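Reproduced below: protein.txt, with compact mmCIF, C-alpha atoms.
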```txt
# COMPACT_ATOMS: atom_id res chain seq x y z
CA MET A 1 135.00 -77.06 -62.83
CA SER A 2 134.26 -79.30 -59.87
CA GLU A 3 137.09 -81.79 -59.49
CA SER A 4 134.75 -84.54 -58.33
CA THR A 5 131.89 -84.22 -60.86
CA GLY A 6 133.28 -82.22 -63.78
CA GLN A 7 130.41 -79.77 -63.40
CA ALA A 8 130.71 -76.01 -63.04
CA LEU A 9 131.68 -74.86 -59.58
CA SER A 10 128.87 -73.52 -57.45
CA VAL A 11 129.30 -70.38 -55.37
CA SER A 12 127.78 -69.48 -52.01
CA ALA A 13 128.02 -65.80 -51.10
CA VAL A 14 128.48 -65.17 -47.36
CA MET A 15 127.96 -61.76 -45.78
CA PRO A 16 128.66 -61.37 -42.04
CA CYS A 17 126.51 -58.67 -40.49
CA PHE A 18 126.20 -56.92 -37.15
CA ASN A 19 123.67 -54.07 -36.99
CA GLY A 20 124.35 -53.35 -40.62
CA ILE A 21 120.95 -52.36 -41.98
CA GLY A 22 122.38 -49.06 -43.24
CA TYR A 23 124.90 -51.02 -45.31
CA ILE A 24 123.09 -54.15 -46.44
CA GLU A 25 120.24 -52.17 -47.97
CA ARG A 26 122.85 -51.28 -50.62
CA SER A 27 125.24 -54.25 -50.52
CA LEU A 28 122.81 -57.19 -50.43
CA PRO A 29 120.66 -56.44 -53.55
CA PRO A 30 123.56 -56.92 -56.04
CA LEU A 31 124.23 -60.38 -54.59
CA LEU A 32 120.55 -61.27 -54.75
CA ALA A 33 120.51 -60.13 -58.38
CA MET A 34 123.39 -62.53 -59.08
CA LEU A 35 121.38 -65.25 -57.33
CA ALA A 36 118.41 -64.51 -59.58
CA ARG A 37 120.65 -64.71 -62.67
CA GLY A 38 121.91 -68.12 -61.59
CA GLU A 39 125.48 -66.94 -60.93
CA LEU A 40 125.24 -67.85 -57.24
CA LEU A 41 123.86 -70.96 -55.58
CA GLU A 42 122.80 -69.08 -52.45
CA VAL A 43 123.28 -65.86 -50.53
CA ILE A 44 123.85 -66.30 -46.79
CA VAL A 45 123.72 -63.47 -44.28
CA ALA A 46 125.53 -64.57 -41.11
CA ASP A 47 123.88 -62.45 -38.44
CA ASN A 48 126.25 -61.76 -35.57
CA GLY A 49 123.65 -60.91 -32.93
CA SER A 50 122.20 -57.79 -34.56
CA THR A 51 119.71 -55.75 -32.56
CA ASP A 52 118.48 -53.75 -35.55
CA ALA A 53 116.38 -54.88 -38.51
CA SER A 54 119.28 -56.43 -40.45
CA ALA A 55 118.31 -60.08 -40.14
CA ALA A 56 114.60 -59.58 -40.75
CA TRP A 57 115.17 -57.32 -43.75
CA ALA A 58 117.70 -59.71 -45.32
CA ALA A 59 115.29 -62.62 -44.94
CA GLU A 60 112.47 -60.61 -46.50
CA GLN A 61 114.67 -59.88 -49.53
CA GLY A 62 115.35 -63.57 -50.10
CA ALA A 63 118.68 -64.15 -48.38
CA ARG A 64 119.30 -67.21 -46.24
CA VAL A 65 119.85 -65.80 -42.74
CA LEU A 66 121.85 -67.81 -40.21
CA PRO A 67 122.29 -66.86 -36.54
CA ALA A 68 126.05 -66.64 -36.07
CA GLY A 69 126.77 -66.05 -32.42
CA ASN A 70 126.24 -63.07 -30.18
CA GLN A 71 128.64 -60.33 -31.30
CA ASP A 72 131.47 -62.87 -31.54
CA GLY A 73 133.12 -61.19 -34.50
CA PRO A 74 133.01 -61.64 -38.29
CA GLY A 75 135.50 -64.52 -38.26
CA ARG A 76 133.18 -66.77 -36.27
CA ALA A 77 130.18 -65.63 -38.31
CA ARG A 78 131.95 -66.59 -41.53
CA ASN A 79 132.98 -69.96 -40.04
CA ILE A 80 129.40 -70.80 -39.06
CA ALA A 81 128.05 -69.79 -42.46
CA THR A 82 130.74 -71.71 -44.36
CA ALA A 83 130.00 -74.87 -42.39
CA GLU A 84 126.38 -74.58 -43.57
CA ALA A 85 127.10 -73.42 -47.12
CA ARG A 86 126.25 -75.70 -50.04
CA GLY A 87 128.58 -74.24 -52.66
CA ASP A 88 131.97 -75.52 -53.78
CA ILE A 89 133.26 -71.96 -53.42
CA VAL A 90 132.46 -69.60 -50.57
CA TRP A 91 132.63 -65.93 -51.53
CA PHE A 92 132.97 -63.59 -48.56
CA VAL A 93 131.58 -60.09 -49.08
CA ASP A 94 131.60 -57.63 -46.20
CA ALA A 95 128.33 -55.92 -45.35
CA ASP A 96 129.85 -52.54 -46.24
CA VAL A 97 131.03 -53.67 -49.69
CA VAL A 98 128.85 -53.41 -52.80
CA ALA A 99 130.18 -56.08 -55.14
CA HIS A 100 130.37 -55.14 -58.81
CA ASP A 101 127.87 -56.89 -61.07
CA ASP A 102 130.64 -58.69 -62.95
CA ALA A 103 132.62 -59.87 -59.90
CA VAL A 104 131.66 -63.54 -60.24
CA GLU A 105 133.37 -63.86 -63.63
CA PRO A 106 136.97 -63.25 -62.45
CA LEU A 107 136.19 -65.26 -59.30
CA LEU A 108 135.32 -68.38 -61.28
CA ARG A 109 138.14 -67.78 -63.75
CA ALA A 110 140.68 -67.96 -60.93
CA PHE A 111 139.36 -71.33 -59.77
CA GLU A 112 139.77 -72.87 -63.21
CA ASP A 113 143.26 -73.66 -61.90
CA PRO A 114 142.76 -76.62 -59.51
CA ASP A 115 145.79 -75.51 -57.46
CA VAL A 116 144.13 -72.20 -56.57
CA VAL A 117 142.40 -72.39 -53.19
CA ALA A 118 141.49 -68.73 -52.80
CA VAL A 119 141.22 -65.47 -54.73
CA PHE A 120 140.56 -61.92 -53.64
CA GLY A 121 140.02 -58.60 -55.36
CA SER A 122 140.00 -55.00 -54.17
CA TYR A 123 137.95 -51.92 -53.43
CA ASP A 124 137.23 -49.86 -56.51
CA ASP A 125 138.44 -46.27 -56.90
CA THR A 126 135.03 -44.59 -56.45
CA PRO A 127 134.36 -44.47 -52.68
CA PRO A 128 131.12 -42.58 -51.98
CA TYR A 129 132.35 -40.25 -49.24
CA GLU A 130 134.21 -37.12 -50.28
CA ALA A 131 136.17 -36.38 -47.09
CA PHE A 132 139.94 -36.78 -47.26
CA ALA A 133 140.15 -39.71 -44.82
CA SER A 134 137.61 -41.83 -46.70
CA GLN A 135 139.13 -41.09 -50.09
CA TYR A 136 142.69 -41.74 -48.85
CA MET A 137 141.90 -45.02 -47.07
CA ASN A 138 139.94 -46.53 -49.93
CA LEU A 139 142.19 -45.34 -52.74
CA ARG A 140 145.24 -46.58 -50.82
CA HIS A 141 143.68 -50.03 -50.55
CA HIS A 142 142.74 -49.95 -54.24
CA TYR A 143 146.29 -48.99 -55.17
CA VAL A 144 148.00 -51.66 -53.04
CA HIS A 145 145.85 -54.50 -54.31
CA HIS A 146 146.22 -53.41 -57.93
CA GLN A 147 149.99 -53.13 -57.58
CA HIS A 148 150.30 -56.69 -56.35
CA GLY A 149 148.27 -58.67 -58.85
CA GLY A 150 149.21 -62.33 -59.16
CA ASP A 151 150.01 -64.82 -56.41
CA ALA A 152 149.78 -63.91 -52.73
CA VAL A 153 150.27 -65.63 -49.38
CA THR A 154 147.64 -63.61 -47.54
CA PHE A 155 143.88 -63.40 -47.98
CA TRP A 156 141.34 -60.57 -47.90
CA SER A 157 137.79 -61.32 -46.79
CA GLY A 158 136.21 -58.01 -47.84
CA CYS A 159 135.69 -59.44 -51.33
CA GLY A 160 137.47 -62.77 -51.42
CA ALA A 161 136.56 -66.37 -52.18
CA VAL A 162 137.92 -69.73 -51.03
CA ARG A 163 137.32 -73.37 -51.84
CA ARG A 164 135.03 -74.61 -49.07
CA GLU A 165 136.92 -77.88 -48.60
CA ALA A 166 140.27 -76.09 -48.29
CA PHE A 167 138.78 -73.59 -45.84
CA LEU A 168 137.38 -76.33 -43.61
CA ALA A 169 140.60 -78.37 -43.85
CA VAL A 170 142.66 -75.59 -42.24
CA GLY A 171 140.03 -74.82 -39.61
CA GLY A 172 138.66 -71.59 -41.06
CA PHE A 173 139.26 -68.22 -39.42
CA ASP A 174 140.90 -68.18 -36.00
CA ALA A 175 137.82 -66.76 -34.30
CA ASP A 176 139.16 -67.31 -30.79
CA ARG A 177 142.24 -65.17 -31.36
CA TYR A 178 140.54 -62.54 -33.52
CA GLN A 179 137.19 -61.81 -31.92
CA ARG A 180 136.92 -58.40 -33.58
CA PRO A 181 137.71 -57.32 -37.16
CA SER A 182 141.48 -57.43 -37.46
CA ILE A 183 143.88 -59.57 -39.49
CA GLU A 184 141.93 -62.82 -39.27
CA ASP A 185 141.88 -63.01 -43.07
CA ILE A 186 145.63 -62.39 -43.38
CA GLU A 187 146.35 -65.15 -40.87
CA LEU A 188 144.01 -67.51 -42.72
CA GLY A 189 145.88 -66.80 -45.94
CA TYR A 190 149.18 -67.81 -44.35
CA ARG A 191 147.69 -71.16 -43.30
CA LEU A 192 146.11 -71.77 -46.70
CA SER A 193 149.47 -71.05 -48.36
CA ALA A 194 151.35 -73.24 -45.88
CA SER A 195 148.99 -76.11 -46.71
CA GLY A 196 150.19 -75.97 -50.31
CA GLY A 197 147.39 -74.01 -51.93
CA ARG A 198 147.79 -71.04 -54.24
CA ILE A 199 146.11 -67.72 -53.49
CA ARG A 200 145.47 -65.37 -56.38
CA THR A 201 144.73 -61.68 -56.52
CA ASP A 202 142.55 -60.37 -59.34
CA PRO A 203 141.89 -56.60 -59.35
CA ALA A 204 138.96 -57.18 -61.73
CA MET A 205 137.03 -58.62 -58.78
CA GLN A 206 135.96 -55.34 -57.20
CA GLY A 207 133.50 -53.76 -54.84
CA THR A 208 132.62 -50.27 -53.63
CA HIS A 209 133.46 -49.66 -49.98
CA LEU A 210 130.67 -47.84 -48.17
CA LYS A 211 132.48 -47.08 -44.93
CA GLU A 212 132.98 -43.43 -43.96
CA TRP A 213 136.39 -42.87 -42.37
CA SER A 214 137.70 -40.21 -40.01
CA LEU A 215 141.40 -39.45 -39.67
CA TRP A 216 141.35 -40.91 -36.16
CA GLY A 217 139.63 -44.00 -37.52
CA VAL A 218 142.33 -44.42 -40.16
CA VAL A 219 145.18 -44.12 -37.66
CA HIS A 220 143.49 -46.29 -35.02
CA THR A 221 142.64 -49.02 -37.50
CA ASP A 222 146.10 -48.95 -39.09
CA ILE A 223 147.87 -49.31 -35.74
CA VAL A 224 145.56 -51.22 -33.40
CA CYS A 225 143.68 -53.43 -35.85
CA ARG A 226 146.41 -54.00 -38.43
CA ALA A 227 150.02 -53.10 -37.64
CA LEU A 228 150.25 -54.42 -34.07
CA PRO A 229 148.49 -57.78 -34.58
CA TRP A 230 150.23 -58.29 -37.93
CA SER A 231 153.59 -57.55 -36.29
CA ARG A 232 152.78 -60.06 -33.57
CA LEU A 233 151.93 -62.69 -36.18
CA LEU A 234 155.18 -62.06 -38.06
CA LEU A 235 157.26 -62.23 -34.87
CA GLU A 236 155.62 -65.43 -33.70
CA SER A 237 155.83 -67.07 -37.12
CA ARG A 238 159.28 -66.28 -38.38
CA ASP A 239 158.86 -68.39 -41.52
CA VAL A 240 155.99 -66.18 -42.73
CA PRO A 241 157.10 -64.32 -45.86
CA MET A 242 157.03 -60.52 -46.06
CA THR A 243 154.66 -59.52 -48.84
CA LEU A 244 152.24 -56.74 -49.84
CA ASN A 245 152.75 -53.84 -47.40
CA THR A 246 155.26 -55.73 -45.24
CA GLY A 247 157.78 -56.49 -47.98
CA PRO A 248 161.32 -55.11 -48.39
CA LYS A 249 160.20 -52.31 -50.73
CA GLU A 250 157.66 -51.07 -48.20
CA GLN A 251 160.26 -51.26 -45.44
CA ALA A 252 162.59 -49.09 -47.51
CA LYS A 253 159.77 -46.62 -48.14
CA ALA A 254 159.12 -46.42 -44.38
CA LEU A 255 162.77 -45.61 -43.76
CA LEU A 256 162.67 -42.90 -46.40
CA ALA A 257 159.51 -41.46 -44.82
CA GLY A 258 161.19 -41.40 -41.43
CA PHE A 259 164.31 -39.65 -42.71
CA TRP A 260 162.13 -37.15 -44.59
CA GLY A 261 160.21 -36.23 -41.46
CA LEU A 262 163.31 -35.99 -39.28
CA SER A 263 165.13 -33.89 -41.85
CA GLY A 264 162.22 -31.45 -41.97
CA ILE A 265 162.25 -31.07 -38.18
CA ALA A 266 166.02 -30.64 -38.15
CA ALA A 267 165.87 -28.03 -40.92
CA LEU A 268 163.19 -26.05 -39.06
CA ALA A 269 165.39 -26.14 -35.95
CA GLY A 270 168.34 -24.78 -37.97
CA ALA A 271 170.38 -27.96 -37.46
CA LEU A 272 170.28 -29.02 -41.10
CA SER A 273 170.37 -27.36 -44.50
CA ILE A 274 166.94 -26.87 -46.05
CA TRP A 275 168.25 -28.57 -49.15
CA VAL A 276 168.25 -31.97 -47.42
CA PRO A 277 164.47 -32.17 -46.81
CA LEU A 278 163.89 -30.67 -50.26
CA VAL A 279 165.95 -33.39 -51.90
CA LEU A 280 164.22 -36.03 -49.78
CA THR A 281 160.85 -34.56 -50.80
CA LEU A 282 161.75 -35.15 -54.43
CA ALA A 283 162.79 -38.69 -53.52
CA VAL A 284 159.51 -39.34 -51.70
CA PHE A 285 157.35 -38.19 -54.59
CA SER A 286 159.52 -40.07 -57.06
CA VAL A 287 159.19 -43.32 -55.12
CA HIS A 288 155.44 -42.83 -54.74
CA ARG A 289 154.74 -41.49 -58.22
CA SER A 290 152.34 -44.33 -59.09
CA LEU A 291 150.36 -43.74 -55.89
CA PHE A 292 150.41 -40.00 -56.64
CA GLU A 293 148.97 -40.72 -60.07
CA VAL A 294 146.11 -42.78 -58.62
CA PHE A 295 145.28 -39.95 -56.22
CA ARG A 296 145.64 -37.30 -58.95
CA ARG A 297 143.50 -39.15 -61.45
CA ARG A 298 140.64 -39.52 -59.01
CA ARG A 299 140.86 -36.38 -56.88
CA GLY A 300 143.23 -33.88 -58.49
CA VAL A 301 146.73 -32.58 -57.82
CA ALA A 302 146.04 -30.95 -54.44
CA PHE A 303 144.61 -34.16 -53.03
CA ALA A 304 147.48 -36.17 -54.50
CA LEU A 305 150.07 -33.93 -52.82
CA LEU A 306 148.31 -34.16 -49.47
CA GLY A 307 147.63 -37.89 -49.89
CA VAL A 308 151.25 -38.80 -50.57
CA ALA A 309 152.38 -36.58 -47.66
CA PHE A 310 149.93 -38.25 -45.27
CA HIS A 311 150.99 -41.64 -46.59
CA GLN A 312 154.45 -40.92 -45.19
CA VAL A 313 152.85 -40.47 -41.77
CA HIS A 314 151.09 -43.81 -42.26
CA LEU A 315 154.38 -45.50 -43.11
CA VAL A 316 156.11 -44.03 -40.07
CA TYR A 317 153.48 -44.96 -37.49
CA SER A 318 153.08 -48.44 -39.01
CA ALA A 319 156.83 -49.01 -38.78
CA ALA A 320 156.83 -47.64 -35.23
CA ALA A 321 154.10 -50.13 -34.31
CA PHE A 322 156.29 -52.98 -35.55
CA VAL A 323 159.26 -51.68 -33.54
CA TRP A 324 157.04 -51.41 -30.46
CA ALA A 325 155.87 -54.99 -30.93
CA TRP A 326 159.45 -56.17 -31.51
CA VAL A 327 160.66 -54.49 -28.31
CA GLY A 328 157.88 -56.18 -26.35
CA TYR A 329 158.81 -59.50 -27.90
CA GLN A 330 162.49 -59.09 -26.95
CA LEU A 331 161.63 -58.14 -23.37
CA ASP A 332 159.26 -60.94 -22.49
CA GLY A 333 158.72 -63.04 -25.60
CA ARG A 334 155.21 -61.66 -25.99
CA PRO A 335 154.89 -58.96 -28.65
CA VAL A 336 152.42 -56.19 -28.01
CA SER A 337 149.08 -57.23 -29.44
CA GLY A 338 146.38 -55.23 -31.11
CA GLY A 339 142.64 -55.39 -31.19
CA GLY A 340 139.89 -54.32 -33.48
CA ASP A 341 136.81 -52.22 -33.73
CA ARG A 342 133.50 -53.83 -34.54
CA VAL A 343 132.17 -52.87 -37.93
CA ALA A 344 129.19 -54.09 -39.91
```
I'd like the structure from this file rewritten - as structure tokens, please.
Amino acid sequence: MSESTGQALSVSAVMPCFNGIGYIERSLPPLLAMLARGELLEVIVADNGSTDASAAWAAEQGARVLPAGNQDGPGRARNIATAEARGDIVWFVDADVVAHDDAVEPLLRAFEDPDVVAVFGSYDDTPPYEAFASQYMNLRHHYVHHQHGGDAVTFWSGCGAVRREAFLAVGGFDADRYQRPSIEDIELGYRLSASGGRIRTDPAMQGTHLKEWSLWGVVHTDIVCRALPWSRLLLESRDVPMTLNTGPKEQAKALLAGFWGLSGIAALAGALSIWVPLVLTLAVFSVHRSLFEVFRRRRGVAFALLGVAFHQVHLVYSAAAFVWAWVGYQLDGRPVSGGGDRVA
């Protein structure tokens, strides 16, 4: 309910878009259907300087299209759209995310608590592309967000909503620092939390991720767009809590992954008994049994075995990125930064 009027909260859906016609033809119609049903006050497409038919097509379908800079990144596009939005709640949905038809219900339920300033959901477990990289990346995200239901101190803008007043009060996304897709939503979450607001996660608020991943894309995004800038943020803001995939449990898992890999190399070189990596293999699959089960349920045992094994690689290179950033910070007080790749 609106705190000022006692009426039901109104929701503006905001979709940043840059040359995303191949995505929004699938992701925009569900939002427009919610608009037609009266679940949304408006649907805004924040066009980030597209040179394809995205803006014209969205306007033809009935979306409110706002020019949002010239390829200045999704953070600035969301800021511009939120400043113009009329709803009490602004629901960010990425152009490559098809929101589930029932996503508004858990969104509004979260905001029944007046202390909640933001809520976010997750990708579902049915990504459309069959290749290993796409299945791994999306199912990993699904697993992490479902494992950490409840309160959070970060935010996710792929399918996440925020009270408009709270968003404007903290200055929105840091679009100057994050000019490409990166951790602008994570950083926003830290500021929302620091201002005294509660951020909730609700796995029932889901969407299908349409992006097709390559293995190189997974590694590059994990390191350059996530691990390095997130490490920099943590090093510069030492009072920021370690949560989600930066918490103590994940750190311990990264150490285990590192020892597992080193033990395998040492055993192959004849410097260590083969029993050591075998025992560590059992430990790895025991620690990651819930992730294995998510992979197995969706893709079978062979995929689950490969997925958990590759996840150890992910843990190692993510930890290495933090160490690299920490070394840079110790040497000159400026941790190594990361960037981002433009996506729709």
Counting all atoms listed in the file, which residues in segment 42-138 of chain A sit no more than 10 Å from segment 149-172 of chain A? For each one, give the nearest pair of atoms and the distance in Å, sorted by chain then residue number, as CSV.
```
residue,atom,partner,partner_atom,distance
A:Pro74,CA,A:Ser157,CA,9.8
A:Gly75,CA,A:Gly172,CA,8.2
A:Arg76,CA,A:Gly172,CA,8.7
A:Arg78,CA,A:Gly172,CA,8.4
A:Asn79,CA,A:Gly172,CA,6.0
A:Ile80,CA,A:Gly172,CA,9.5
A:Thr82,CA,A:Arg164,CA,7.0
A:Ala83,CA,A:Leu168,CA,7.6
A:Ala85,CA,A:Arg164,CA,8.3
A:Arg86,CA,A:Arg164,CA,8.9
A:Gly87,CA,A:Arg164,CA,7.4
A:Asp88,CA,A:Arg164,CA,5.7
A:Ile89,CA,A:Arg163,CA,4.6
A:Val90,CA,A:Ala161,CA,5.5
A:Trp91,CA,A:Ala161,CA,4.0
A:Phe92,CA,A:Gly160,CA,5.4
A:Val93,CA,A:Cys159,CA,4.7
A:Asp94,CA,A:Gly158,CA,4.9
A:Ala95,CA,A:Gly158,CA,8.5
A:Asp96,CA,A:Gly158,CA,8.5
A:Val97,CA,A:Gly158,CA,7.0
A:Val98,CA,A:Cys159,CA,9.2
A:Ala99,CA,A:Cys159,CA,7.5
A:Ala103,CA,A:Cys159,CA,9.1
A:Val104,CA,A:Ala161,CA,9.8
A:Leu107,CA,A:Ala161,CA,7.2
A:Leu108,CA,A:Ala161,CA,9.4
A:Ala110,CA,A:Ala161,CA,9.8
A:Phe111,CA,A:Arg163,CA,8.4
A:Pro114,CA,A:Arg163,CA,9.9
A:Val116,CA,A:Arg163,CA,8.4
A:Val117,CA,A:Arg163,CA,5.3
A:Ala118,CA,A:Val162,CA,4.1
A:Val119,CA,A:Ala161,CA,5.4
A:Phe120,CA,A:Gly160,CA,3.9
A:Gly121,CA,A:Cys159,CA,6.0
A:Ser122,CA,A:Cys159,CA,6.8
A:Tyr123,CA,A:Cys159,CA,8.1
```
Option closest in space to Tyr317 of chain A, from A:Pro30, A:Gly49, A:Gly22, A:Gly261 [counting all atoms listed in the file]:
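So, comparing all the options, the nearest one is A:Gly261.
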The distance between atom CA of Leu31 of chain A and atom CA of Asp101 of chain A is 8.2 Å
Taking all atoms listed in the file into account, name the residue in A:Val279, A:Leu228, A:Leu139, A:Ile223 that is nearest to Glu293 of chain A.
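Residue with the minimum atom-to-atom distance to Glu293 of chain A: A:Leu139.
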For Ile186 of chain A, the closest of A:Leu233, A:Val301, A:Val287, A:Leu32 counting all atoms listed in the file is A:Leu233
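Atom pair atom CA of Gln312 of chain A / atom CA of Leu255 of chain A has a distance of 9.7 Å (rounded to one decimal).
Straight-line separation from atom CA of Val14 of chain A to atom CA of Arg232 of chain A: 28.4 Å.
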Could you write segment 121-137 of chain A as a tab-separated table (two decimals), in the frame of the given file, with N, CA and C atoms rebuilt where they are missing?
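Written output follows (result.tsv):
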```
chain	number	residue	atom	x	y	z
A	121	GLY	N	139.94	-59.75	-54.48
A	121	GLY	CA	140.02	-58.60	-55.36
A	121	GLY	C	140.41	-57.35	-54.63
A	122	SER	N	139.64	-56.26	-54.81
A	122	SER	CA	140.00	-55.00	-54.17
A	122	SER	C	138.79	-54.09	-54.10
A	123	TYR	N	138.92	-53.01	-53.34
A	123	TYR	CA	137.95	-51.92	-53.43
A	123	TYR	C	138.15	-51.23	-54.77
A	124	ASP	N	137.08	-50.64	-55.29
A	124	ASP	CA	137.23	-49.86	-56.51
A	124	ASP	C	137.73	-48.46	-56.15
A	125	ASP	N	137.86	-47.60	-57.14
A	125	ASP	CA	138.44	-46.27	-56.90
A	125	ASP	C	137.36	-45.18	-56.89
A	126	THR	N	136.13	-45.57	-56.53
A	126	THR	CA	135.03	-44.59	-56.45
A	126	THR	C	134.32	-44.67	-55.11
A	127	PRO	N	135.04	-44.47	-53.99
A	127	PRO	CA	134.36	-44.47	-52.68
A	127	PRO	C	133.35	-43.34	-52.61
A	128	PRO	N	132.21	-43.56	-51.94
A	128	PRO	CA	131.12	-42.58	-51.98
A	128	PRO	C	131.35	-41.34	-51.14
A	129	TYR	N	132.18	-41.40	-50.12
A	129	TYR	CA	132.35	-40.25	-49.24
A	129	TYR	C	133.50	-39.37	-49.72
A	130	GLU	N	133.28	-38.06	-49.69
A	130	GLU	CA	134.21	-37.12	-50.28
A	130	GLU	C	135.32	-36.66	-49.35
A	131	ALA	N	135.17	-36.86	-48.04
A	131	ALA	CA	136.17	-36.38	-47.09
A	131	ALA	C	137.52	-37.04	-47.35
A	132	PHE	N	138.59	-36.33	-46.99
A	132	PHE	CA	139.94	-36.78	-47.26
A	132	PHE	C	140.21	-38.18	-46.71
A	133	ALA	N	139.83	-38.43	-45.45
A	133	ALA	CA	140.15	-39.71	-44.82
A	133	ALA	C	139.54	-40.88	-45.58
A	134	SER	N	138.28	-40.75	-45.98
A	134	SER	CA	137.61	-41.83	-46.70
A	134	SER	C	138.23	-42.05	-48.08
A	135	GLN	N	138.51	-40.97	-48.77
A	135	GLN	CA	139.13	-41.09	-50.09
A	135	GLN	C	140.52	-41.70	-49.97
A	136	TYR	N	141.32	-41.23	-49.01
A	136	TYR	CA	142.69	-41.74	-48.85
A	136	TYR	C	142.68	-43.23	-48.53
A	137	MET	N	141.89	-43.62	-47.53
A	137	MET	CA	141.90	-45.02	-47.07
A	137	MET	C	141.48	-45.97	-48.18
```
